[in-house]
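Text of the file upload15.json, holding JSON, C-alpha atoms:
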[["chain", "number", "residue", "atom", "x", "y", "z"],
["V", 1, "MET", "CA", 0.00, 0.00, 0.00],
["V", 2, "LYS", "CA", 1.49, 3.33, -1.06],
["V", 3, "ARG", "CA", 2.10, 5.72, 1.83],
["V", 4, "ILE", "CA", 0.41, 9.10, 1.38],
["V", 5, "HIS", "CA", 2.64, 12.06, 2.24],
["V", 6, "VAL", "CA", 0.58, 14.52, 4.29],
["V", 7, "MET", "CA", 1.78, 17.90, 5.56],
["V", 8, "ALA", "CA", 0.34, 18.89, 8.94],
["V", 9, "ALA", "CA", 0.82, 21.96, 11.10],
["V", 10, "VAL", "CA", 1.02, 22.62, 14.81],
["V", 11, "ILE", "CA", 0.09, 26.30, 14.55],
["V", 12, "VAL", "CA", 1.09, 28.23, 17.66],
["V", 13, "GLY", "CA", -0.59, 31.54, 18.39],
["V", 14, "SER", "CA", 1.00, 34.51, 20.13],
["V", 15, "ASP", "CA", -0.47, 33.31, 23.45],
["V", 16, "GLY", "CA", 0.96, 29.79, 23.07],
["V", 17, "ARG", "CA", -2.35, 28.12, 22.22],
["V", 18, "ILE", "CA", -2.51, 25.65, 19.31],
["V", 19, "LEU", "CA", -5.02, 25.67, 16.47],
["V", 20, "LEU", "CA", -7.12, 22.55, 15.83],
["V", 21, "ALA", "CA", -9.66, 21.81, 13.10],
["V", 22, "LYS", "CA", -12.54, 19.34, 13.26],
["V", 23, "ARG", "CA", -12.94, 16.83, 10.44],
["V", 24, "ALA", "CA", -16.30, 16.72, 8.66],
["V", 25, "ALA", "CA", -18.49, 13.71, 9.46],
["V", 26, "ASN", "CA", -18.20, 12.40, 5.89],
["V", 27, "GLN", "CA", -14.37, 12.47, 5.87],
["V", 28, "HIS", "CA", -11.97, 9.68, 6.78],
["V", 29, "GLN", "CA", -11.85, 9.67, 10.61],
["V", 30, "GLY", "CA", -14.78, 12.11, 10.52],
["V", 31, "GLY", "CA", -15.81, 13.99, 13.63],
["V", 32, "LEU", "CA", -12.36, 13.88, 15.19],
["V", 33, "TRP", "CA", -10.07, 16.86, 15.74],
["V", 34, "GLU", "CA", -6.82, 17.20, 13.80],
["V", 35, "PHE", "CA", -3.86, 19.40, 13.13],
["V", 36, "PRO", "CA", -4.57, 21.28, 9.86],
["V", 37, "GLY", "CA", -2.88, 20.25, 6.63],
["V", 38, "GLY", "CA", -3.23, 18.02, 3.61],
["V", 39, "LYS", "CA", -1.58, 15.96, 0.94],
["V", 40, "CYS", "CA", 1.78, 16.98, -0.53],
["V", 41, "GLU", "CA", 1.33, 17.04, -4.31],
["V", 42, "ALA", "CA", 3.87, 15.89, -6.89],
["V", 43, "GLY", "CA", 6.48, 18.56, -7.62],
["V", 44, "GLU", "CA", 5.89, 20.50, -4.40],
["V", 45, "THR", "CA", 8.48, 21.06, -1.71],
["V", 46, "ARG", "CA", 7.36, 20.37, 1.84],
["V", 47, "GLU", "CA", 7.29, 24.10, 2.57],
["V", 48, "GLN", "CA", 5.21, 24.83, -0.54],
["V", 49, "ALA", "CA", 2.71, 22.10, 0.28],
["V", 50, "LEU", "CA", 2.35, 23.28, 3.88],
["V", 51, "ASP", "CA", 1.77, 26.89, 2.83],
["V", 52, "ARG", "CA", -0.73, 25.93, 0.12],
["V", 53, "GLU", "CA", -2.75, 23.62, 2.36],
["V", 54, "LEU", "CA", -2.97, 26.15, 5.18],
["V", 55, "HIS", "CA", -3.97, 28.86, 2.74],
["V", 56, "GLU", "CA", -6.72, 26.65, 1.28],
["V", 57, "GLU", "CA", -7.98, 25.43, 4.66],
["V", 58, "LEU", "CA", -7.47, 28.46, 6.88],
["V", 59, "GLY", "CA", -6.79, 31.45, 4.64],
["V", 60, "ILE", "CA", -3.32, 32.08, 6.10],
["V", 61, "ARG", "CA", 0.19, 32.23, 4.68],
["V", 62, "VAL", "CA", 3.12, 30.68, 6.54],
["V", 63, "THR", "CA", 5.94, 33.06, 7.45],
["V", 64, "ALA", "CA", 7.86, 31.01, 10.06],
["V", 65, "ALA", "CA", 7.92, 27.22, 10.42],
["V", 66, "ARG", "CA", 10.28, 24.35, 11.14],
["V", 67, "PRO", "CA", 10.01, 20.53, 11.24],
["V", 68, "LEU", "CA", 8.50, 19.03, 14.40],
["V", 69, "ILE", "CA", 7.92, 15.28, 13.92],
["V", 70, "GLN", "CA", 7.22, 12.68, 11.22],
["V", 71, "VAL", "CA", 4.71, 9.94, 11.95],
["V", 72, "SER", "CA", 4.12, 6.87, 9.79],
["V", 73, "HIS", "CA", 0.79, 5.17, 10.46],
["V", 74, "ASP", "CA", -1.14, 2.33, 8.86],
["V", 75, "TYR", "CA", -4.94, 2.46, 9.00],
["V", 76, "ALA", "CA", -7.03, -0.43, 7.73],
["V", 77, "ASP", "CA", -7.74, 1.44, 4.51],
["V", 78, "LYS", "CA", -4.70, 3.67, 3.99],
["V", 79, "SER", "CA", -1.10, 4.32, 5.04],
["V", 80, "VAL", "CA", 0.05, 7.86, 5.77],
["V", 81, "LEU", "CA", 3.25, 9.74, 6.52],
["V", 82, "LEU", "CA", 2.37, 12.79, 8.59],
["V", 83, "ASP", "CA", 5.10, 15.36, 8.03],
["V", 84, "VAL", "CA", 4.41, 17.77, 10.87],
["V", 85, "TRP", "CA", 5.81, 21.30, 11.13],
["V", 86, "ARG", "CA", 5.60, 23.79, 13.96],
["V", 87, "VAL", "CA", 4.22, 27.07, 12.56],
["V", 88, "THR", "CA", 5.04, 30.09, 14.70],
["V", 89, "GLY", "CA", 4.47, 32.85, 12.16],
["V", 90, "PHE", "CA", 1.69, 33.47, 9.64],
["V", 91, "SER", "CA", -0.16, 36.28, 7.92],
["V", 92, "GLY", "CA", -3.93, 36.52, 7.81],
["V", 93, "GLU", "CA", -6.59, 35.52, 10.32],
["V", 94, "PRO", "CA", -7.25, 31.76, 10.52],
["V", 95, "HIS", "CA", -10.81, 30.75, 9.70],
["V", 96, "GLY", "CA", -12.51, 27.56, 8.57],
["V", 97, "ALA", "CA", -12.35, 28.28, 4.83],
["V", 98, "GLU", "CA", -13.97, 24.91, 4.11],
["V", 99, "GLY", "CA", -16.62, 25.29, 6.82],
["V", 100, "GLN", "CA", -14.72, 23.27, 9.42],
["V", 101, "PRO", "CA", -14.94, 24.25, 13.12],
["V", 102, "LEU", "CA", -11.71, 25.55, 14.65],
["V", 103, "ALA", "CA", -10.47, 25.73, 18.24],
["V", 104, "TRP", "CA", -7.48, 27.40, 19.89],
["V", 105, "VAL", "CA", -6.34, 25.04, 22.65],
["V", 106, "ALA", "CA", -3.73, 25.35, 25.41],
["V", 107, "PRO", "CA", -1.13, 22.57, 25.00],
["V", 108, "PRO", "CA", -2.02, 20.69, 28.23],
["V", 109, "ALA", "CA", -5.68, 20.61, 27.16],
["V", 110, "LEU", "CA", -4.92, 18.84, 23.87],
["V", 111, "SER", "CA", -5.23, 15.56, 25.74],
["V", 112, "ASP", "CA", -8.94, 16.31, 26.26],
["V", 113, "TYR", "CA", -9.67, 16.21, 22.50],
["V", 114, "ARG", "CA", -10.30, 13.14, 20.35],
["V", 115, "PHE", "CA", -7.82, 12.72, 17.47],
["V", 116, "PRO", "CA", -7.19, 10.08, 14.80],
["V", 117, "ALA", "CA", -4.73, 7.50, 16.09],
["V", 118, "ALA", "CA", -1.98, 8.79, 13.81],
["V", 119, "ASN", "CA", -2.18, 12.20, 15.51],
["V", 120, "LEU", "CA", -1.40, 11.00, 19.04],
["V", 121, "PRO", "CA", 2.41, 11.35, 18.76],
["V", 122, "ILE", "CA", 1.81, 14.85, 17.40],
["V", 123, "VAL", "CA", -0.13, 15.70, 20.56],
["V", 124, "SER", "CA", 2.90, 14.64, 22.62],
["V", 125, "ALA", "CA", 5.26, 16.65, 20.41],
["V", 126, "ALA", "CA", 3.03, 19.72, 20.65],
["V", 127, "GLN", "CA", 3.05, 19.51, 24.44],
["V", 128, "LEU", "CA", 6.79, 18.94, 24.87],
["V", 129, "PRO", "CA", 9.51, 21.63, 24.98],
["V", 130, "ASP", "CA", 12.65, 21.79, 22.86],
["V", 131, "CYS", "CA", 15.06, 20.90, 25.67],
["V", 132, "TYR", "CA", 15.19, 18.04, 28.18],
["V", 133, "TRP", "CA", 17.32, 18.92, 31.21],
["V", 134, "VAL", "CA", 19.22, 15.92, 32.66],
["V", 135, "THR", "CA", 20.78, 16.23, 36.12],
["V", 136, "ALA", "CA", 24.46, 15.39, 36.49],
["V", 137, "PRO", "CA", 25.16, 12.02, 38.18],
["V", 138, "GLU", "CA", 27.70, 13.43, 40.64],
["V", 139, "TRP", "CA", 25.39, 16.10, 42.11],
["V", 140, "THR", "CA", 24.31, 16.04, 45.73],
["V", 141, "ALA", "CA", 20.64, 16.52, 46.55],
["V", 142, "GLU", "CA", 21.28, 20.04, 47.83],
["V", 143, "HIS", "CA", 23.17, 21.08, 44.71],
["V", 144, "ALA", "CA", 20.55, 19.55, 42.40],
["V", 145, "LEU", "CA", 17.72, 21.41, 44.14],
["V", 146, "ALA", "CA", 19.64, 24.69, 43.95],
["V", 147, "GLN", "CA", 20.27, 24.13, 40.24],
["V", 148, "LEU", "CA", 16.63, 23.24, 39.67],
["V", 149, "THR", "CA", 15.49, 26.52, 41.19],
["V", 150, "GLN", "CA", 17.73, 28.43, 38.79],
["V", 151, "ALA", "CA", 16.70, 26.30, 35.78],
["V", 152, "LEU", "CA", 13.00, 26.84, 36.46],
["V", 153, "ALA", "CA", 13.65, 30.59, 36.62],
["V", 154, "VAL", "CA", 14.98, 30.53, 33.03],
["V", 155, "GLY", "CA", 12.09, 28.43, 31.70],
["V", 156, "ALA", "CA", 13.17, 24.79, 31.99],
["V", 157, "ALA", "CA", 10.01, 22.76, 31.41],
["V", 158, "LEU", "CA", 11.13, 19.11, 31.32],
["V", 159, "ILE", "CA", 13.65, 17.70, 33.80],
["V", 160, "TYR", "CA", 15.11, 14.18, 34.16],
["V", 161, "TRP", "CA", 15.80, 13.82, 37.90],
["V", 162, "ARG", "CA", 18.60, 11.28, 37.68],
["V", 163, "LEU", "CA", 20.78, 11.23, 40.80],
["V", 164, "PRO", "CA", 22.18, 7.66, 40.99],
["V", 165, "GLN", "CA", 24.60, 8.36, 43.86],
["V", 166, "LEU", "CA", 21.72, 8.94, 46.33],
["V", 167, "SER", "CA", 20.26, 6.19, 48.48],
["V", 168, "ALA", "CA", 16.67, 5.19, 47.74],
["V", 169, "ALA", "CA", 15.37, 7.12, 50.74],
["V", 170, "ALA", "CA", 17.43, 10.23, 49.95],
["V", 171, "TYR", "CA", 16.36, 10.14, 46.31],
["V", 172, "LEU", "CA", 12.67, 9.90, 47.25],
["V", 173, "HIS", "CA", 12.91, 12.85, 49.65],
["V", 174, "CYS", "CA", 14.83, 14.90, 47.09],
["V", 175, "ALA", "CA", 12.35, 13.99, 44.31],
["V", 176, "GLN", "CA", 9.42, 15.07, 46.48],
["V", 177, "GLN", "CA", 11.10, 18.44, 47.05],
["V", 178, "ALA", "CA", 11.82, 18.77, 43.33],
["V", 179, "ALA", "CA", 8.23, 17.91, 42.44],
["V", 180, "ALA", "CA", 6.98, 20.66, 44.75],
["V", 181, "LEU", "CA", 9.26, 23.17, 43.00],
["V", 182, "CYS", "CA", 8.10, 21.97, 39.56],
["V", 183, "ALA", "CA", 4.35, 21.97, 40.33],
["V", 184, "GLY", "CA", 2.55, 24.02, 37.70],
["V", 185, "ARG", "CA", 5.83, 24.97, 36.03],
["V", 186, "ALA", "CA", 7.61, 21.91, 34.66],
["V", 187, "GLN", "CA", 7.33, 18.15, 34.16],
["V", 188, "LEU", "CA", 9.64, 16.19, 36.44],
["V", 189, "MET", "CA", 10.71, 12.74, 35.20],
["V", 190, "LEU", "CA", 11.91, 10.22, 37.78],
["V", 191, "HIS", "CA", 14.70, 7.66, 37.50],
["V", 192, "GLY", "CA", 14.23, 4.35, 39.28],
["V", 193, "GLU", "CA", 11.42, 1.99, 40.15],
["V", 194, "GLN", "CA", 7.73, 2.37, 39.29],
["V", 195, "ALA", "CA", 6.79, 2.34, 42.99],
["V", 196, "LEU", "CA", 8.22, 5.87, 43.30],
["V", 197, "LEU", "CA", 5.39, 7.29, 41.21],
["V", 198, "ALA", "CA", 2.78, 6.78, 43.93],
["V", 199, "GLN", "CA", 4.92, 8.80, 46.33],
["V", 200, "VAL", "CA", 5.71, 11.71, 44.01],
["V", 201, "PRO", "CA", 2.39, 12.93, 42.55],
["V", 202, "GLY", "CA", 2.61, 14.53, 39.12],
["V", 203, "ALA", "CA", 5.99, 13.07, 38.27],
["V", 204, "GLY", "CA", 6.69, 11.07, 35.13],
["V", 205, "TRP", "CA", 8.85, 7.97, 34.75],
["V", 206, "HIS", "CA", 11.95, 7.67, 32.58],
["V", 207, "LEU", "CA", 12.95, 4.06, 31.92],
["V", 208, "SER", "CA", 16.59, 3.13, 31.55],
["V", 209, "ALA", "CA", 17.46, 0.93, 28.57],
["V", 210, "ALA", "CA", 17.63, -2.09, 30.91],
["V", 211, "GLN", "CA", 14.19, -1.29, 32.34],
["V", 212, "LEU", "CA", 12.81, -0.87, 28.85],
["V", 213, "GLN", "CA", 14.16, -4.26, 27.78],
["V", 214, "GLY", "CA", 12.74, -5.96, 30.86],
["V", 215, "PHE", "CA", 9.42, -4.13, 31.06],
["V", 216, "GLN", "CA", 6.34, -6.32, 31.32],
["V", 217, "GLY", "CA", 2.67, -5.48, 31.59],
["V", 218, "GLU", "CA", 0.87, -2.25, 30.81],
["V", 219, "ARG", "CA", 2.34, 1.21, 31.16],
["V", 220, "PRO", "CA", 1.02, 3.10, 34.21],
["V", 221, "ALA", "CA", -2.13, 5.07, 33.44],
["V", 222, "GLY", "CA", -2.03, 8.84, 33.55],
["V", 223, "VAL", "CA", 1.76, 9.00, 33.89],
["V", 224, "ARG", "CA", 4.05, 10.60, 31.34],
["V", 225, "MET", "CA", 6.58, 7.97, 30.34],
["V", 226, "ALA", "CA", 9.94, 8.12, 28.55],
["V", 227, "ALA", "CA", 12.73, 5.69, 27.72],
["V", 228, "SER", "CA", 16.45, 5.78, 27.02],
["V", 229, "CYS", "CA", 17.28, 4.31, 23.61],
["V", 230, "HIS", "CA", 20.56, 3.69, 21.82],
["V", 231, "ASP", "CA", 19.70, 1.58, 18.77],
["V", 232, "ALA", "CA", 16.89, 0.34, 16.51],
["V", 233, "ALA", "CA", 15.99, -2.57, 18.81],
["V", 234, "GLU", "CA", 15.42, -0.30, 21.79],
["V", 235, "LEU", "CA", 13.43, 2.16, 19.69],
["V", 236, "ALA", "CA", 11.22, -0.74, 18.59],
["V", 237, "LEU", "CA", 10.57, -1.64, 22.23],
["V", 238, "ALA", "CA", 9.72, 1.98, 23.02],
["V", 239, "ASN", "CA", 7.33, 2.01, 20.05],
["V", 240, "GLN", "CA", 5.67, -1.16, 21.32],
["V", 241, "LEU", "CA", 5.26, 0.23, 24.83],
["V", 242, "GLY", "CA", 3.89, 3.53, 23.49],
["V", 243, "VAL", "CA", 6.05, 5.88, 25.52],
["V", 244, "ASP", "CA", 5.46, 9.63, 25.30],
["V", 245, "PHE", "CA", 9.03, 10.37, 24.24],
["V", 246, "VAL", "CA", 12.53, 8.90, 24.10],
["V", 247, "THR", "CA", 16.12, 9.98, 24.33],
["V", 248, "LEU", "CA", 18.47, 8.70, 21.62],
["V", 249, "SER", "CA", 22.15, 8.61, 22.52],
["V", 250, "PRO", "CA", 25.02, 9.09, 22.31],
["V", 251, "LEU", "CA", 24.81, 11.48, 19.38],
["V", 252, "LEU", "CA", 28.34, 12.85, 19.69],
["V", 253, "GLN", "CA", 31.44, 12.02, 21.73],
["V", 254, "THR", "CA", 31.01, 12.95, 25.39],
["V", 255, "ALA", "CA", 33.34, 13.49, 28.32],
["V", 256, "SER", "CA", 31.10, 11.45, 30.61],
["V", 257, "HIS", "CA", 31.07, 8.36, 28.33],
["V", 258, "PRO", "CA", 34.25, 8.54, 26.20],
["V", 259, "GLU", "CA", 34.11, 4.80, 25.51],
["V", 260, "ALA", "CA", 30.68, 4.95, 23.82],
["V", 261, "GLU", "CA", 30.63, 4.93, 20.02],
["V", 262, "PRO", "CA", 28.69, 8.02, 18.91],
["V", 263, "LEU", "CA", 25.83, 7.64, 16.46],
["V", 264, "GLY", "CA", 26.54, 10.82, 14.52],
["V", 265, "TRP", "CA", 23.90, 12.97, 12.83],
["V", 266, "ALA", "CA", 23.38, 10.76, 9.77],
["V", 267, "GLN", "CA", 22.77, 7.55, 11.71],
["V", 268, "ALA", "CA", 20.55, 9.37, 14.20],
["V", 269, "GLU", "CA", 18.43, 10.67, 11.34],
["V", 270, "GLN", "CA", 17.93, 7.15, 10.00],
["V", 271, "LEU", "CA", 17.03, 5.78, 13.44],
["V", 272, "LEU", "CA", 14.54, 8.58, 14.03],
["V", 273, "LYS", "CA", 12.62, 7.50, 10.93],
["V", 274, "GLN", "CA", 11.77, 4.31, 12.88],
["V", 275, "CYS", "CA", 10.66, 6.15, 16.01],
["V", 276, "LEU", "CA", 6.94, 6.60, 16.68],
["V", 277, "SER", "CA", 7.30, 9.17, 19.47],
["V", 278, "PRO", "CA", 9.09, 12.50, 19.93],
["V", 279, "ALA", "CA", 12.82, 12.01, 20.47],
["V", 280, "TYR", "CA", 15.51, 14.06, 22.16],
["V", 281, "LEU", "CA", 19.09, 13.68, 20.94],
["V", 282, "LEU", "CA", 21.50, 13.26, 23.86],
["V", 283, "GLY", "CA", 25.28, 13.36, 24.02],
["V", 284, "GLY", "CA", 27.58, 16.30, 23.36],
["V", 285, "VAL", "CA", 24.83, 18.71, 22.35],
["V", 286, "SER", "CA", 23.68, 22.16, 23.45],
["V", 287, "PRO", "CA", 20.89, 24.58, 22.44],
["V", 288, "ALA", "CA", 23.07, 25.70, 19.52],
["V", 289, "ASP", "CA", 22.40, 22.26, 17.99],
["V", 290, "LEU", "CA", 18.60, 22.62, 18.04],
["V", 291, "PRO", "CA", 18.21, 23.67, 14.37],
["V", 292, "GLN", "CA", 20.14, 20.61, 13.17],
["V", 293, "ALA", "CA", 18.26, 18.36, 15.62],
["V", 294, "TRP", "CA", 14.94, 19.57, 14.19],
["V", 295, "GLN", "CA", 16.13, 19.02, 10.63],
["V", 296, "VAL", "CA", 17.00, 15.36, 11.29],
["V", 297, "GLY", "CA", 13.60, 14.71, 12.89],
["V", 298, "ALA", "CA", 14.18, 15.19, 16.62],
["V", 299, "GLN", "CA", 11.96, 16.99, 19.09],
["V", 300, "GLY", "CA", 15.05, 18.74, 20.39],
["V", 301, "ILE", "CA", 18.08, 18.07, 22.56],
["V", 302, "ALA", "CA", 18.68, 16.52, 25.97],
["V", 303, "ALA", "CA", 21.79, 17.52, 27.87],
["V", 304, "ILE", "CA", 23.58, 17.82, 31.17],
["V", 305, "ARG", "CA", 26.47, 20.25, 30.76],
["V", 306, "GLY", "CA", 25.06, 21.78, 27.58],
["V", 307, "LEU", "CA", 22.02, 23.07, 29.49],
["V", 308, "TRP", "CA", 22.83, 23.42, 33.20],
["V", 309, "ARG", "CA", 26.05, 25.33, 32.51],
["V", 310, "GLY", "CA", 23.83, 28.19, 31.44],
["V", 311, "VAL", "CA", 22.44, 28.49, 34.98],
["V", 312, "GLY", "CA", 25.78, 28.28, 36.73],
["V", 313, "ALA", "CA", 26.31, 24.54, 37.12],
["V", 314, "ALA", "CA", 29.84, 23.23, 37.24]]
What would you get if you wrote out this structure as structure tokens?
Amino acid sequence: MKRIHVMAAVIVGSDGRILLAKRAANQHQGGLWEFPGGKCEAGETREQALDRELHEELGIRVTAARPLIQVSHDYADKSVLLDVWRVTGFSGEPHGAEGQPLAWVAPPALSDYRFPAANLPIVSAAQLPDCYWVTAPEWTAEHALAQLTQALAVGAALIYWRLPQLSAAAYLHCAQQAAALCAGRAQLMLHGEQALLAQVPGAGWHLSAAQLQGFQGERPAGVRMAASCHDAAELALANQLGVDFVTLSPLLQTASHPEAEPLGWAQAEQLLKQCLSPAYLLGGVSPADLPQAWQVGAQGIAAIRGLWRGVGAA
């Protein structure tokens, strides 16, 4: 079955809300909400197709956009490649040019809307930030909490609370303090066992590669879940589990893991084509690498030194 190349847009308004359109009842997946867009025609570039579709559907012209995520999905009656771009600039006032209802929705509220199955990874990508802040393994609890306060002040919105040198009791106490600081401001992701989640309300769970390989049963309901991946086999397991996002590493050579063979940008790009969830590239990267990360299909970058150094971390 030939895969249909569809351009789709996560259109972000000046207030941060995202524009949705409702599919007509007589359309494929009718009655569900979607991210606006349509089929890429022969001879069009991706940018041309995106601009044309949004002009036809919404009466706007794209002035600023960049890749967000690509999603391949097989329905019973068709196979699609959703080529999704984040649109942050446009001219004109969006309206349902084809009579379709529209809604501007705050990112956290996207989960309250019903989408076609192929759109679910896009919902995750639309809700996630560009950067995933990973704590340094050598930090004490006190230093990590001090760094977290500074990171939240500069807008950190997704934090992997990985402090392996702490005892289980010390880590739990520290995670509870971190969760209180993050409440209403950022998503905290815990490292360790699933039992921690019941004791740290609102926190997510980041599986190590070993946990991912050994995971059995259903993923915990209502909990944001991530996984560390390093190759195609681990990405396939993450796809099967249906995690909200992954890290893919190591992208480049790092001081912390000099023995690890880096993937490099080209191999990472090929691996990301197999990934069904948003992915952060980890290893030797900083915010300066975001444009290249987006171009190869990543959500953004994950980093220790490349992010925390900006708030005074050693």
List every residue of segment 110-177 of chain V that has an atom at most 12 Å from any atom of segment 50-73 of chain V, and for each one report the closest atom pair and its distance in Å to one decimal, counting only C-alpha atoms, with rows sorted by chain and then by increasing residue number, as a Markdown table.
| residue | atom | partner | partner_atom | distance |
| --- | --- | --- | --- | --- |
| V:Pro116 | CA | V:His73 | CA | 10.3 |
| V:Ala117 | CA | V:His73 | CA | 8.2 |
| V:Ala118 | CA | V:His73 | CA | 5.7 |
| V:Asn119 | CA | V:Val71 | CA | 8.1 |
| V:Leu120 | CA | V:Val71 | CA | 9.4 |
| V:Pro121 | CA | V:Val71 | CA | 7.3 |
| V:Ile122 | CA | V:Ile69 | CA | 7.0 |
| V:Val123 | CA | V:Ile69 | CA | 10.4 |
| V:Ser124 | CA | V:Ile69 | CA | 10.1 |
| V:Ala125 | CA | V:Ile69 | CA | 7.1 |
| V:Ala126 | CA | V:Leu68 | CA | 8.3 |
| V:Gln127 | CA | V:Leu68 | CA | 11.4 |
| V:Leu128 | CA | V:Leu68 | CA | 10.6 |
| V:Pro129 | CA | V:Leu68 | CA | 10.9 |
| V:Asp130 | CA | V:Leu68 | CA | 9.8 |
Interface rows for segment 241-310 of chain V against segment 149-154 of chain V: nearest pair, Å to one decimal, 9 Å, all atoms listed in the file, as a Markdown table:
| residue | atom | partner | partner_atom | distance |
| --- | --- | --- | --- | --- |
| V:Leu307 | CA | V:Ala151 | CA | 8.8 |
| V:Trp308 | CA | V:Ala151 | CA | 7.2 |
| V:Gly310 | CA | V:Ala151 | CA | 8.6 |
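Close contacts of segment 206-215 of chain V, defined as residues with an atom at most 7 Å away when counting only C-alpha atoms, with chain neighbours fewer than 5 positions off set aside, comprise Met189, Leu190, His191, Met225, Ala226, Ala227, Ser228 and Cys229 of chain V.
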From the set V:Phe115, V:Ser91, V:Cys182, V:Tyr171, which residue has the shortest atom-to-atom contact distance to Arg23 of chain V, counting all atoms listed in the file?
->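 Counting all atoms listed in the file, the residue closest to Arg23 of chain V is V:Phe115.
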Spatial neighbours of Ser286 of chain V, max dist 8 Å, all atoms listed in the file, sep filter under 4 positions, as a PDB file with C-alpha atoms, in the frame of the given file:
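Heads up, here's the output in out-v3.pdb:
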ATOM      1  CA  LEU V 290      18.600  22.620  18.040  1.00  0.00           C
ATOM      2  CA  ILE V 301      18.080  18.070  22.560  1.00  0.00           C
ATOM      3  CA  ALA V 302      18.680  16.520  25.970  1.00  0.00           C
ATOM      4  CA  ALA V 303      21.790  17.520  27.870  1.00  0.00           C
ATOM      5  CA  GLY V 306      25.060  21.780  27.580  1.00  0.00           C
ATOM      6  CA  LEU V 307      22.020  23.070  29.490  1.00  0.00           C
TER       7      LEU V 307
END
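Here atom CA of Val134 of chain V is placed at a distance of 26.4 Å from atom CA of Val84 of chain V.
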Pick out the residues sitting within 6 Å of Ala9 of chain V, and hand them over as a PyMOL selection string; count all atoms listed in the file, and ignore anything fewer than 4 positions along from it in its own chain.
-> chain V and resi 35-36+84-86
Could you dump the residues just selected with C-alpha atoms as a compact mmCIF listing (two decimals), keeping the file's coordinate frame?
# COMPACT_ATOMS: atom_id res chain seq x y z
CA PHE V 35 -3.86 19.40 13.13
CA PRO V 36 -4.57 21.28 9.86
CA VAL V 84 4.41 17.77 10.87
CA TRP V 85 5.81 21.30 11.13
CA ARG V 86 5.60 23.79 13.96
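Using all atoms listed in the file for every distance, the candidate list V:Pro107, V:Gly217, V:Gly297, V:Gly43 yields V:Pro107 as the residue closest to Val12 of chain V.
In this structure, atom CA of Ala175 of chain V sits 24.6 Å away from atom CA of Ala238 of chain V.
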So that I can see what lies close to Met7 of chain V, please list as an mmCIF file with C-alpha atoms, in the frame of the given file the residues with an atom at most 7 Å from it, counting all atoms listed in the file and leaving out residues fewer than 5 positions away in the same chain.
data_model
loop_
_atom_site.group_PDB
_atom_site.id
_atom_site.type_symbol
_atom_site.label_atom_id
_atom_site.label_comp_id
_atom_site.auth_asym_id
_atom_site.auth_seq_id
_atom_site.Cartn_x
_atom_site.Cartn_y
_atom_site.Cartn_z
ATOM 1 C CA GLY V 37 -2.880 20.250 6.630
ATOM 2 C CA GLY V 38 -3.230 18.020 3.610
ATOM 3 C CA LYS V 39 -1.580 15.960 0.940
ATOM 4 C CA CYS V 40 1.780 16.980 -0.530
ATOM 5 C CA ALA V 49 2.710 22.100 0.280
ATOM 6 C CA LEU V 50 2.350 23.280 3.880
ATOM 7 C CA LEU V 82 2.370 12.790 8.590
ATOM 8 C CA ASP V 83 5.100 15.360 8.030
ATOM 9 C CA VAL V 84 4.410 17.770 10.870
#
